[in-house]
>>> print(open('final-v4.txt').read())   # compact mmCIF, C-alpha atoms and all ligand atoms
# COMPACT_ATOMS: atom_id res chain seq x y z
CA MET U 1 -64.24 8.83 42.42
CA MET U 2 -60.75 10.11 43.22
CA GLN U 3 -58.53 11.67 40.60
CA LYS U 4 -55.78 9.37 39.29
CA ASP U 5 -53.05 10.93 41.45
CA TYR U 6 -52.52 12.43 44.91
CA VAL U 7 -49.80 15.00 44.22
CA SER U 8 -51.53 17.81 46.12
CA VAL U 9 -54.17 17.92 48.86
CA LEU U 10 -56.26 19.63 46.14
CA ASP U 11 -56.35 16.35 44.18
CA ALA U 12 -58.64 14.99 46.90
CA GLU U 13 -60.68 18.17 47.34
CA ASP U 14 -63.99 16.29 47.07
CA GLU U 15 -62.88 13.10 48.83
CA PHE U 16 -60.80 14.46 51.69
CA ALA U 17 -63.43 14.07 54.44
CA GLU U 18 -64.24 10.57 53.16
CA LEU U 19 -60.54 9.60 53.26
CA VAL U 20 -60.29 10.85 56.85
CA GLN U 21 -63.31 8.76 57.87
CA SER U 22 -61.98 5.73 56.02
CA ALA U 23 -58.64 6.02 57.84
CA LEU U 24 -60.44 6.22 61.21
CA ASP U 25 -62.55 3.15 60.30
CA LEU U 26 -59.47 1.24 59.19
CA LYS U 27 -57.75 2.11 62.45
CA LYS U 28 -60.69 0.82 64.49
CA GLY U 29 -61.00 -2.39 62.49
CA CYS U 30 -57.25 -2.83 62.27
CA ARG U 31 -57.29 -6.46 63.32
CA SER U 32 -60.64 -7.46 61.88
CA GLY U 33 -59.10 -9.06 58.81
CA GLU U 34 -61.63 -7.45 56.46
CA THR U 35 -58.99 -5.71 54.31
CA ASP U 36 -56.20 -8.30 54.63
CA GLU U 37 -56.19 -9.43 51.00
CA VAL U 38 -57.84 -6.51 49.26
CA LEU U 39 -54.70 -5.38 47.36
CA LYS U 40 -53.47 -8.92 46.65
CA GLY U 41 -51.39 -8.94 43.48
CA LYS U 42 -50.82 -5.14 43.54
CA THR U 43 -47.37 -3.57 43.82
CA LEU U 44 -46.45 -0.08 45.05
CA ALA U 45 -43.08 1.32 43.90
CA LEU U 46 -41.45 3.79 46.30
CA ILE U 47 -38.94 6.16 44.68
CA PHE U 48 -37.24 8.20 47.40
CA GLU U 49 -34.67 10.87 46.53
CA LYS U 50 -34.56 12.00 50.16
CA SER U 51 -34.33 10.25 53.53
CA SER U 52 -37.45 8.92 55.23
CA THR U 53 -38.48 6.91 58.27
CA ARG U 54 -42.24 7.37 58.65
CA THR U 55 -43.35 7.71 55.02
CA ARG U 56 -41.34 4.78 53.71
CA VAL U 57 -42.13 2.40 56.56
CA SER U 58 -45.83 3.29 56.76
CA PHE U 59 -46.31 2.80 53.00
CA GLU U 60 -44.46 -0.54 53.07
CA VAL U 61 -46.42 -1.78 56.10
CA ALA U 62 -49.71 -0.50 54.62
CA MET U 63 -49.18 -2.50 51.42
CA ASN U 64 -48.18 -5.56 53.42
CA GLN U 65 -51.26 -5.33 55.67
CA LEU U 66 -53.55 -4.89 52.66
CA GLY U 67 -52.14 -8.01 50.96
CA GLY U 68 -50.02 -6.20 48.34
CA LYS U 69 -46.30 -5.72 47.91
CA SER U 70 -43.96 -2.73 47.85
CA LEU U 71 -40.70 -2.15 46.06
CA PHE U 72 -38.27 0.42 47.48
CA LEU U 73 -36.22 2.06 44.72
CA ASN U 74 -33.23 4.26 45.40
CA PRO U 75 -32.92 6.59 42.39
CA GLN U 76 -29.13 6.21 42.57
CA ASP U 77 -29.54 2.50 41.79
CA MET U 78 -31.95 3.23 38.94
CA GLN U 79 -31.15 4.56 35.47
CA LEU U 80 -32.98 7.69 36.69
CA GLY U 81 -29.80 8.43 38.67
CA ARG U 82 -27.78 8.23 35.42
CA GLY U 83 -30.00 10.60 33.47
CA GLU U 84 -32.90 8.49 32.20
CA THR U 85 -35.81 10.87 31.98
CA ILE U 86 -38.73 10.97 34.38
CA PRO U 87 -41.24 10.42 31.52
CA ASP U 88 -39.39 7.27 30.35
CA THR U 89 -39.18 6.03 33.94
CA ALA U 90 -42.91 6.68 34.35
CA ARG U 91 -43.83 4.84 31.15
CA THR U 92 -41.66 1.85 32.06
CA LEU U 93 -42.81 1.50 35.68
CA SER U 94 -46.45 1.83 34.54
CA ARG U 95 -45.97 -1.51 32.73
CA TYR U 96 -44.90 -3.32 35.94
CA VAL U 97 -46.42 -1.81 39.05
CA ASP U 98 -49.83 -0.46 40.10
CA CYS U 99 -48.89 2.74 41.91
CA ILE U 100 -45.81 4.91 42.59
CA ALA U 101 -45.07 6.94 45.72
CA TYR U 102 -42.42 9.53 44.89
CA ARG U 103 -40.35 11.67 47.32
CA ALA U 104 -38.64 14.29 45.18
CA SER U 105 -36.70 17.49 45.55
CA ASP U 106 -38.89 19.36 43.08
CA HIS U 107 -42.70 19.47 42.81
CA GLU U 108 -42.41 19.69 39.01
CA MET U 109 -40.73 16.28 38.99
CA VAL U 110 -43.67 14.69 40.80
CA LEU U 111 -46.08 16.34 38.34
CA ASP U 112 -43.92 15.09 35.44
CA LEU U 113 -43.98 11.53 36.79
CA ALA U 114 -47.73 11.68 37.34
CA SER U 115 -48.57 13.09 33.92
CA ASN U 116 -46.47 10.42 32.17
CA SER U 117 -47.72 7.46 34.23
CA SER U 118 -50.84 5.49 33.45
CA ILE U 119 -50.96 4.43 37.11
CA PRO U 120 -51.64 6.56 40.24
CA VAL U 121 -48.76 8.64 41.59
CA ILE U 122 -48.66 9.72 45.23
CA ASN U 123 -46.55 12.65 46.38
CA ALA U 124 -44.47 11.30 49.29
CA LEU U 125 -43.10 14.87 49.95
CA ASP U 126 -41.53 17.44 47.71
CA ASP U 127 -40.40 21.05 48.10
CA LEU U 128 -43.97 22.38 47.81
CA GLU U 129 -46.24 19.87 49.53
CA HIS U 130 -46.49 16.89 51.85
CA PRO U 131 -50.09 15.84 51.23
CA CYS U 132 -49.85 12.41 52.93
CA GLN U 133 -48.74 14.13 56.14
CA ALA U 134 -51.68 16.58 56.00
CA LEU U 135 -54.16 13.73 55.57
CA ALA U 136 -52.76 11.92 58.64
CA ASP U 137 -52.78 15.21 60.58
CA ILE U 138 -56.49 15.80 59.99
CA VAL U 139 -57.15 12.16 60.98
CA THR U 140 -55.21 12.80 64.21
CA ILE U 141 -57.08 16.01 65.00
CA THR U 142 -60.46 14.36 64.24
CA GLU U 143 -59.65 11.55 66.68
CA ARG U 144 -59.44 14.10 69.49
CA ARG U 145 -61.80 16.94 68.61
CA THR U 146 -64.54 17.98 66.19
CA PRO U 147 -62.37 19.68 63.56
CA ARG U 148 -64.79 22.30 62.20
CA GLY U 149 -64.38 25.54 64.13
CA LEU U 150 -61.08 24.60 65.80
CA LYS U 151 -58.25 27.12 65.77
CA LEU U 152 -54.87 25.76 64.63
CA THR U 153 -51.70 27.86 64.59
CA TYR U 154 -48.66 26.76 62.61
CA VAL U 155 -45.51 28.40 64.01
CA GLY U 156 -42.23 28.64 62.08
CA ASP U 157 -41.11 27.99 58.52
CA GLY U 158 -43.85 28.19 55.87
CA ASN U 159 -42.61 25.01 54.19
CA ASN U 160 -44.02 21.95 52.38
CA VAL U 161 -45.73 20.61 55.53
CA CYS U 162 -47.23 24.04 56.23
CA ASN U 163 -48.49 24.36 52.63
CA SER U 164 -50.36 21.04 52.67
CA LEU U 165 -51.70 21.72 56.17
CA LEU U 166 -53.08 25.08 55.00
CA LEU U 167 -55.00 23.38 52.21
CA ALA U 168 -56.23 20.51 54.40
CA CYS U 169 -57.42 22.71 57.30
CA SER U 170 -59.13 25.11 54.91
CA LEU U 171 -60.92 22.22 53.17
CA ILE U 172 -62.19 20.83 56.48
CA GLY U 173 -63.15 24.16 58.07
CA ILE U 174 -60.39 24.50 60.69
CA ASP U 175 -59.33 28.14 61.27
CA ILE U 176 -55.63 28.17 60.44
CA SER U 177 -53.08 30.89 61.01
CA VAL U 178 -49.40 30.72 60.16
CA ALA U 179 -46.95 32.74 62.27
CA CYS U 180 -43.69 33.10 60.37
CA PRO U 181 -40.93 35.67 59.84
CA GLU U 182 -40.76 37.78 56.70
CA GLY U 183 -39.34 35.74 53.82
CA TYR U 184 -40.50 32.41 55.32
CA GLU U 185 -44.15 32.62 54.28
CA PRO U 186 -45.95 29.63 52.78
CA ASP U 187 -46.36 29.46 49.00
CA GLN U 188 -48.45 32.38 47.73
CA GLY U 189 -50.55 30.29 45.32
CA ILE U 190 -51.32 27.80 48.10
CA VAL U 191 -52.35 30.62 50.43
CA GLU U 192 -54.73 31.92 47.76
CA ASP U 193 -56.22 28.44 47.23
CA SER U 194 -56.52 27.98 51.00
CA LYS U 195 -58.34 31.29 51.42
CA ARG U 196 -60.80 30.24 48.69
CA LEU U 197 -61.38 26.86 50.39
CA ALA U 198 -61.68 28.48 53.83
CA SER U 199 -64.26 30.97 52.68
CA ARG U 200 -66.31 28.10 51.21
CA ALA U 201 -65.99 26.14 54.49
CA GLY U 202 -66.79 29.23 56.58
CA SER U 203 -63.37 29.24 58.26
CA THR U 204 -60.36 31.56 58.21
CA CYS U 205 -56.80 31.43 56.88
CA ASP U 206 -54.30 34.10 57.92
CA ILE U 207 -50.57 34.75 57.69
CA LEU U 208 -49.28 36.55 60.79
CA ARG U 209 -45.92 37.62 62.20
CA ASP U 210 -46.11 37.53 66.00
CA PRO U 211 -46.23 33.92 67.31
CA LYS U 212 -47.46 35.08 70.75
CA GLU U 213 -50.46 36.87 69.29
CA ALA U 214 -51.08 34.08 66.81
CA VAL U 215 -51.36 31.26 69.37
CA HIS U 216 -53.88 33.15 71.54
CA GLU U 217 -56.83 30.75 72.18
CA SER U 218 -55.39 28.14 69.80
CA ASP U 219 -56.68 24.58 70.12
CA VAL U 220 -53.70 23.20 68.22
CA ILE U 221 -50.11 24.42 67.80
CA TYR U 222 -48.17 22.82 64.96
CA THR U 223 -44.54 23.21 64.03
CA ASP U 224 -41.90 21.65 61.77
CA VAL U 225 -38.13 21.89 61.35
CA TRP U 226 -36.45 25.19 60.49
CA VAL U 227 -34.08 23.48 58.04
CA SER U 228 -35.90 21.14 55.67
CA MET U 229 -34.20 18.56 53.48
CA GLY U 230 -32.62 20.55 50.66
CA ASP U 231 -32.21 23.71 52.79
CA GLU U 232 -28.95 22.57 54.40
CA GLY U 233 -27.00 25.35 52.66
CA GLU U 234 -28.93 27.97 54.67
CA VAL U 235 -28.60 26.58 58.20
CA LYS U 236 -27.10 29.68 59.83
CA LYS U 237 -29.46 32.12 58.13
CA ARG U 238 -32.52 30.05 58.96
CA LEU U 239 -31.66 29.45 62.62
CA GLU U 240 -31.26 33.20 63.05
CA ALA U 241 -34.38 34.18 61.16
CA LEU U 242 -36.58 31.66 62.97
CA SER U 243 -35.13 31.95 66.49
CA ASP U 244 -38.19 33.79 67.88
CA TYR U 245 -40.52 31.07 66.61
CA GLN U 246 -39.67 28.23 69.00
CA VAL U 247 -42.61 26.29 70.41
CA ASN U 248 -41.74 26.24 74.12
CA SER U 249 -43.76 26.18 77.37
CA GLU U 250 -44.03 29.98 77.48
CA LEU U 251 -45.65 30.02 74.04
CA VAL U 252 -47.90 27.04 74.81
CA ALA U 253 -49.10 28.80 78.00
CA LEU U 254 -50.62 31.54 75.79
CA ALA U 255 -52.86 29.09 73.92
CA SER U 256 -56.01 27.27 75.16
CA PRO U 257 -55.25 25.29 78.33
CA ASP U 258 -55.90 21.95 76.57
CA CYS U 259 -54.12 22.95 73.35
CA LEU U 260 -52.74 19.97 71.39
CA ILE U 261 -49.12 20.04 70.16
CA MET U 262 -48.33 18.65 66.73
CA HIS U 263 -45.14 18.06 64.74
CA CYS U 264 -44.75 15.89 61.63
CA LEU U 265 -41.32 14.63 62.81
CA PRO U 266 -38.36 14.33 62.58
CA ALA U 267 -37.92 17.05 65.24
CA HIS U 268 -34.92 19.08 66.30
CA ARG U 269 -35.42 19.42 70.05
CA GLY U 270 -34.04 22.78 71.16
CA GLN U 271 -34.65 24.44 67.78
CA GLU U 272 -38.27 24.66 66.56
CA ILE U 273 -39.62 22.90 69.69
CA THR U 274 -38.33 22.18 73.18
CA GLY U 275 -37.96 18.65 74.53
CA GLU U 276 -40.31 19.57 77.37
CA VAL U 277 -43.14 20.45 74.95
CA ILE U 278 -42.72 17.65 72.41
CA ASP U 279 -42.45 15.05 75.18
CA GLY U 280 -45.14 16.70 77.34
CA PRO U 281 -48.74 15.67 78.02
CA GLN U 282 -50.30 17.88 75.31
CA SER U 283 -48.16 16.42 72.53
CA ILE U 284 -49.80 14.03 70.06
CA VAL U 285 -46.82 13.67 67.72
CA PHE U 286 -46.61 9.88 67.87
CA ASP U 287 -50.34 9.57 67.17
CA GLN U 288 -49.63 11.63 64.06
CA ALA U 289 -46.81 9.26 63.13
CA GLU U 290 -49.03 6.21 63.72
CA ASN U 291 -51.85 7.69 61.69
CA ARG U 292 -49.63 7.95 58.62
CA LEU U 293 -50.22 4.19 58.31
CA HIS U 294 -54.01 4.36 58.55
CA ALA U 295 -54.30 7.46 56.34
CA GLN U 296 -52.15 5.92 53.61
CA LYS U 297 -54.11 2.68 53.76
CA ALA U 298 -57.27 4.73 53.12
CA LEU U 299 -55.52 6.51 50.25
CA LEU U 300 -54.18 3.29 48.67
CA LEU U 301 -57.63 1.72 48.85
CA ALA U 302 -59.23 4.78 47.23
CA LEU U 303 -56.64 4.82 44.42
CA LEU U 304 -56.13 1.10 43.82
CA ARG U 305 -59.25 -0.85 44.74
N1 LIG U 401 -43.08 13.10 58.59
C1 LIG U 401 -42.38 12.44 57.64
O1 LIG U 401 -42.70 12.45 56.45
O2 LIG U 401 -41.34 11.72 58.12
P1 LIG U 401 -40.23 10.96 57.25
O3 LIG U 401 -39.35 11.98 56.62
O4 LIG U 401 -39.51 10.11 58.28
O5 LIG U 401 -40.92 10.12 56.22
N1 LIG U 402 -40.23 20.03 56.08
C1 LIG U 402 -39.50 18.80 56.30
C2 LIG U 402 -40.48 17.68 56.53
C3 LIG U 402 -39.85 16.33 56.77
C4 LIG U 402 -40.87 15.26 56.94
C5 LIG U 402 -38.59 18.52 55.12
O1 LIG U 402 -39.02 18.75 53.98
O2 LIG U 402 -37.46 18.11 55.34
>>> encode(input="final-v4.txt", output="structure tokens", more="lines below")
Ligand code: CP
Ligand code: NVA
Amino acid sequence: MMQKDYVSVLDAEDEFAELVQSALDLKKGCRSGETDEVLKGKTLALIFEKSSTRTRVSFEVAMNQLGGKSLFLNPQDMQLGRGETIPDTARTLSRYVDCIAYRASDHEMVLDLASNSSIPVINALDDLEHPCQALADIVTITERRTPRGLKLTYVGDGNNVCNSLLLACSLIGIDISVACPEGYEPDQGIVEDSKRLASRAGSTCDILRDPKEAVHESDVIYTDVWVSMGDEGEVKKRLEALSDYQVNSELVALASPDCLIMHCLPAHRGQEITGEVIDGPQSIVFDQAENRLHAQKALLLALLR
């Protein structure tokens, strides 16, 4: 039985592998009609404080395909944007809808919403984690390879996507290393949790500096933007600090010959990744994007059915 909320990958520590399998099954039986009406009468509220293409659309389509409804709420149009508190918003929405997906600037705000809601709250990205992305990423890797024992290298900014990926890989038994410059490491608490999970799964979790050394024999290279939403005030500093961490053909040539290339999107071609690599034959970035839909269907069914 899942916990009430999915704010962190850790909230699905015991169910993660099951969710991955469920997403793969849902993808295979996509047109079978077996889940068409299963969430009939249920409503998902989507509160997004930041822009989104994939997360918003995949949640809305997931609810539609499962027979439920979704309600997109711009905080600026809500009383939340005029200072109504998160706890009061949580208590009110809990009386109307069955689940809330929240994209927030601050992890504490998602925790606050979850702890004051009587309904499940899903983290649709915050400054610390992007757990829905990590679930879809493991689904995408599992479609191609047996995950346990694979070597994945995340190159670049140790951000929200990196944090959730660390937890997810370490839960599943994928060896993960993060190559990042000093000052751009993933969250320390998350690294500690990931090391604990990795040692239980018999895998490894390392923070390294040199991207060339890190990608040696990698089965998967993963990257994300150098300037996340909310970091716009640091553009110059970040582009300088991360300039040696671009995923380009020279770097990819140092990994395993059939190394897969992953990126959560949106991408900045010419910054963290070159156009040649993201549009090349080893890239599976649009499978990742597609799998957001199947992964979130699995999650919604686990939380709402
Ligand atoms: N990967 C991801 O979450 O994309 P969006 O910002 O478009 O939702
Ligand atoms: N790290 C990025 C991910 C976007 C999906 C951001 O937070 O903007």
>>> closest_residue(input="final-v4.txt", among="U:Gln65, U:Ser199, U:Gln133, U:Ser115", to="ligand LIG 401 (chain U)", atoms="only C-alpha atoms and all ligand atoms")
U:Gln133
>>> closest_atom_pairs(input="final-v4.txt", of="chain U", to="ligand LIG 402 (chain U)", cutoff="12 Å", atoms="only C-alpha atoms and all ligand atoms", output="CSV")
residue,atom,partner,partner_atom,distance
U:Glu49,CA,U:LIG402,O1,11.7
U:Lys50,CA,U:LIG402,O2,8.5
U:Ser51,CA,U:LIG402,O2,8.7
U:Ser52,CA,U:LIG402,C4,7.4
U:Thr53,CA,U:LIG402,C4,8.8
U:Arg54,CA,U:LIG402,C4,8.2
U:Thr55,CA,U:LIG402,C4,8.2
U:Arg56,CA,U:LIG402,C4,11.0
U:Arg103,CA,U:LIG402,O1,9.8
U:Ala104,CA,U:LIG402,O1,9.9
U:Ser105,CA,U:LIG402,O1,8.8
U:Asp106,CA,U:LIG402,O1,10.9
U:His107,CA,U:LIG402,O1,11.8
U:Ala124,CA,U:LIG402,C4,9.3
U:Leu125,CA,U:LIG402,O1,6.9
U:Asp126,CA,U:LIG402,O1,6.9
U:Asp127,CA,U:LIG402,O1,6.5
U:Leu128,CA,U:LIG402,O1,8.7
U:Glu129,CA,U:LIG402,O1,8.6
U:His130,CA,U:LIG402,C2,7.7
U:Pro131,CA,U:LIG402,C4,10.9
U:Cys132,CA,U:LIG402,C4,10.2
U:Gln133,CA,U:LIG402,C4,8.0
U:Ala134,CA,U:LIG402,C4,10.9
U:Gly156,CA,U:LIG402,N1,10.7
U:Asp157,CA,U:LIG402,N1,8.4
U:Gly158,CA,U:LIG402,N1,8.9
U:Asn159,CA,U:LIG402,N1,5.8
U:Asn160,CA,U:LIG402,N1,5.6
U:Val161,CA,U:LIG402,N1,5.6
U:Cys162,CA,U:LIG402,N1,8.1
U:Asn163,CA,U:LIG402,N1,9.9
U:Ser164,CA,U:LIG402,N1,10.7
U:Leu165,CA,U:LIG402,N1,11.6
U:Pro186,CA,U:LIG402,N1,11.7
U:Thr223,CA,U:LIG402,N1,9.6
U:Asp224,CA,U:LIG402,N1,6.1
U:Val225,CA,U:LIG402,N1,6.0
U:Trp226,CA,U:LIG402,N1,7.8
U:Val227,CA,U:LIG402,O2,6.9
U:Ser228,CA,U:LIG402,O2,3.4
U:Met229,CA,U:LIG402,O2,3.8
U:Gly230,CA,U:LIG402,O2,7.2
U:Asp231,CA,U:LIG402,O2,8.1
U:Glu232,CA,U:LIG402,O2,9.7
U:His263,CA,U:LIG402,C4,9.3
U:Cys264,CA,U:LIG402,C4,6.1
U:Leu265,CA,U:LIG402,C4,5.9
U:Pro266,CA,U:LIG402,C4,6.2
U:Ala267,CA,U:LIG402,C3,8.7
U:His268,CA,U:LIG402,C1,11.0
U:Glu272,CA,U:LIG402,N1,11.6
U:Gln288,CA,U:LIG402,C4,11.9
U:Ala289,CA,U:LIG402,C4,10.5
U:Arg292,CA,U:LIG402,C4,11.5
>>> write_last_selection(input="final-v4.txt", atoms="C-alpha atoms", output="short mmCIF file (atom, residue, chain, number, x, y, z; two decimals), in the coordinates of the input")
data_model
loop_
_atom_site.label_atom_id
_atom_site.label_comp_id
_atom_site.auth_asym_id
_atom_site.auth_seq_id
_atom_site.Cartn_x
_atom_site.Cartn_y
_atom_site.Cartn_z
CA GLU U 49 -34.67 10.87 46.53
CA LYS U 50 -34.56 12.00 50.16
CA SER U 51 -34.33 10.25 53.53
CA SER U 52 -37.45 8.92 55.23
CA THR U 53 -38.48 6.91 58.27
CA ARG U 54 -42.24 7.37 58.65
CA THR U 55 -43.35 7.71 55.02
CA ARG U 56 -41.34 4.78 53.71
CA ARG U 103 -40.35 11.67 47.32
CA ALA U 104 -38.64 14.29 45.18
CA SER U 105 -36.70 17.49 45.55
CA ASP U 106 -38.89 19.36 43.08
CA HIS U 107 -42.70 19.47 42.81
CA ALA U 124 -44.47 11.30 49.29
CA LEU U 125 -43.10 14.87 49.95
CA ASP U 126 -41.53 17.44 47.71
CA ASP U 127 -40.40 21.05 48.10
CA LEU U 128 -43.97 22.38 47.81
CA GLU U 129 -46.24 19.87 49.53
CA HIS U 130 -46.49 16.89 51.85
CA PRO U 131 -50.09 15.84 51.23
CA CYS U 132 -49.85 12.41 52.93
CA GLN U 133 -48.74 14.13 56.14
CA ALA U 134 -51.68 16.58 56.00
CA GLY U 156 -42.23 28.64 62.08
CA ASP U 157 -41.11 27.99 58.52
CA GLY U 158 -43.85 28.19 55.87
CA ASN U 159 -42.61 25.01 54.19
CA ASN U 160 -44.02 21.95 52.38
CA VAL U 161 -45.73 20.61 55.53
CA CYS U 162 -47.23 24.04 56.23
CA ASN U 163 -48.49 24.36 52.63
CA SER U 164 -50.36 21.04 52.67
CA LEU U 165 -51.70 21.72 56.17
CA PRO U 186 -45.95 29.63 52.78
CA THR U 223 -44.54 23.21 64.03
CA ASP U 224 -41.90 21.65 61.77
CA VAL U 225 -38.13 21.89 61.35
CA TRP U 226 -36.45 25.19 60.49
CA VAL U 227 -34.08 23.48 58.04
CA SER U 228 -35.90 21.14 55.67
CA MET U 229 -34.20 18.56 53.48
CA GLY U 230 -32.62 20.55 50.66
CA ASP U 231 -32.21 23.71 52.79
CA GLU U 232 -28.95 22.57 54.40
CA HIS U 263 -45.14 18.06 64.74
CA CYS U 264 -44.75 15.89 61.63
CA LEU U 265 -41.32 14.63 62.81
CA PRO U 266 -38.36 14.33 62.58
CA ALA U 267 -37.92 17.05 65.24
CA HIS U 268 -34.92 19.08 66.30
CA GLU U 272 -38.27 24.66 66.56
CA GLN U 288 -49.63 11.63 64.06
CA ALA U 289 -46.81 9.26 63.13
CA ARG U 292 -49.63 7.95 58.62
#
>>> closest_residue(input="final-v4.txt", among="U:Ala23, U:Ile172, U:Val235, U:Leu293", to="ligand LIG 401 (chain U)", atoms="all atoms listed in the file")
U:Leu293
>>> closest_residue(input="final-v4.txt", among="U:Gly183, U:Pro87, U:Pro211, U:Gly33", to="Asp244 (chain U)", atoms="only C-alpha atoms")
U:Pro211
>>> closest_residue(input="final-v4.txt", among="U:Gln76, U:Ser218, U:Ser203, U:Ser94", to="Val155 (chain U)", atoms="all atoms listed in the file")
U:Ser218
>>> axis_aligned_box(input="final-v4.txt", around="ligand LIG 401 (chain U)", padding_each_side="4 Å", output="JSON")
{"center_x": -41.2, "center_y": 11.6, "center_z": 57.4, "size_x": 11.7, "size_y": 11.0, "size_z": 10.4}
>>> residues_around(input="final-v4.txt", residues="Pro147 (chain U)", least_positions_apart="5", cutoff="8 Å", atoms="all atoms listed in the file", output="compact mmCIF listing (two decimals) with C-alpha atoms, in the coordinates of the input")
# COMPACT_ATOMS: atom_id res chain seq x y z
CA ILE U 138 -56.49 15.80 59.99
CA ILE U 141 -57.08 16.01 65.00
CA THR U 142 -60.46 14.36 64.24
CA ILE U 172 -62.19 20.83 56.48
CA GLY U 173 -63.15 24.16 58.07
CA ILE U 174 -60.39 24.50 60.69
>>> closest_residue(input="final-v4.txt", among="U:Leu135, U:Cys205, U:Leu44, U:Leu71", to="ligand LIG 401 (chain U)", atoms="all atoms listed in the file")
U:Leu135
>>> closest_residue(input="final-v4.txt", among="U:Thr274, U:Thr43, U:Asn64, U:Ser194", to="Pro120 (chain U)", atoms="only C-alpha atoms")
U:Thr43
>>> atom_distance(input="final-v4.txt", atom1="CA of Glu290 (chain U)", atom2="CA of Lys27 (chain U)")
9.7 Å
>>> residues_around(input="final-v4.txt", residues="Met1 (chain U)", least_positions_apart="2", cutoff="10 Å", atoms="all atoms listed in the file", output="list in words")
Gln3, Lys4, Ala12, Asp14, Glu15, Ala302 and Leu303 of chain U
>>> write_last_selection(input="final-v4.txt", atoms="C-alpha atoms", output="short mmCIF file (atom, residue, chain, number, x, y, z; two decimals), keeping the file's coordinate frame")
data_model
loop_
_atom_site.label_atom_id
_atom_site.label_comp_id
_atom_site.auth_asym_id
_atom_site.auth_seq_id
_atom_site.Cartn_x
_atom_site.Cartn_y
_atom_site.Cartn_z
CA GLN U 3 -58.53 11.67 40.60
CA LYS U 4 -55.78 9.37 39.29
CA ALA U 12 -58.64 14.99 46.90
CA ASP U 14 -63.99 16.29 47.07
CA GLU U 15 -62.88 13.10 48.83
CA ALA U 302 -59.23 4.78 47.23
CA LEU U 303 -56.64 4.82 44.42
#
>>> residues_around(input="final-v4.txt", residues="Lys195 (chain U)", least_positions_apart="2", cutoff="12 Å", atoms="only C-alpha atoms", output="PDB file with C-alpha atoms, in the coordinates of the input")
ATOM      1  CA  LEU U 166     -53.080  25.080  55.000  1.00  0.00           C
ATOM      2  CA  LEU U 167     -55.000  23.380  52.210  1.00  0.00           C
ATOM      3  CA  ALA U 168     -56.230  20.510  54.400  1.00  0.00           C
ATOM      4  CA  CYS U 169     -57.420  22.710  57.300  1.00  0.00           C
ATOM      5  CA  SER U 170     -59.130  25.110  54.910  1.00  0.00           C
ATOM      6  CA  LEU U 171     -60.920  22.220  53.170  1.00  0.00           C
ATOM      7  CA  GLY U 173     -63.150  24.160  58.070  1.00  0.00           C
ATOM      8  CA  ILE U 174     -60.390  24.500  60.690  1.00  0.00           C
ATOM      9  CA  ASP U 175     -59.330  28.140  61.270  1.00  0.00           C
ATOM     10  CA  ILE U 176     -55.630  28.170  60.440  1.00  0.00           C
ATOM     11  CA  SER U 177     -53.080  30.890  61.010  1.00  0.00           C
ATOM     12  CA  GLN U 188     -48.450  32.380  47.730  1.00  0.00           C
ATOM     13  CA  GLY U 189     -50.550  30.290  45.320  1.00  0.00           C
ATOM     14  CA  ILE U 190     -51.320  27.800  48.100  1.00  0.00           C
ATOM     15  CA  VAL U 191     -52.350  30.620  50.430  1.00  0.00           C
ATOM     16  CA  GLU U 192     -54.730  31.920  47.760  1.00  0.00           C
ATOM     17  CA  ASP U 193     -56.220  28.440  47.230  1.00  0.00           C
ATOM     18  CA  LEU U 197     -61.380  26.860  50.390  1.00  0.00           C
ATOM     19  CA  ALA U 198     -61.680  28.480  53.830  1.00  0.00           C
ATOM     20  CA  SER U 199     -64.260  30.970  52.680  1.00  0.00           C
ATOM     21  CA  ARG U 200     -66.310  28.100  51.210  1.00  0.00           C
ATOM     22  CA  ALA U 201     -65.990  26.140  54.490  1.00  0.00           C
ATOM     23  CA  GLY U 202     -66.790  29.230  56.580  1.00  0.00           C
ATOM     24  CA  SER U 203     -63.370  29.240  58.260  1.00  0.00           C
ATOM     25  CA  THR U 204     -60.360  31.560  58.210  1.00  0.00           C
ATOM     26  CA  CYS U 205     -56.800  31.430  56.880  1.00  0.00           C
ATOM     27  CA  ASP U 206     -54.300  34.100  57.920  1.00  0.00           C
ATOM     28  CA  ILE U 207     -50.570  34.750  57.690  1.00  0.00           C
TER      29      ILE U 207
END
>>> atom_distance(input="final-v4.txt", atom1="CA of Tyr184 (chain U)", atom2="atom O2 of ligand LIG 401 (chain U)")
20.9 Å
>>> residues_around(input="final-v4.txt", residues="Gly41 (chain U)", least_positions_apart="2", cutoff="12 Å", atoms="all atoms listed in the file", output="list in words")
Glu37, Val38, Leu39, Thr43, Leu44, Met63, Asn64, Leu66, Gly67, Gly68, Lys69, Ser70, Tyr96, Val97, Asp98, Leu304 and Arg305 of chain U
>>> atom_distance(input="final-v4.txt", atom1="CA of Leu260 (chain U)", atom2="CA of Ile284 (chain U)")
6.8 Å
>>> residues_around(input="final-v4.txt", residues="Tyr222 (chain U)", least_positions_apart="4", cutoff="8 Å", atoms="only C-alpha atoms", output="ChimeraX atom specification")
/U:152-155,261-263
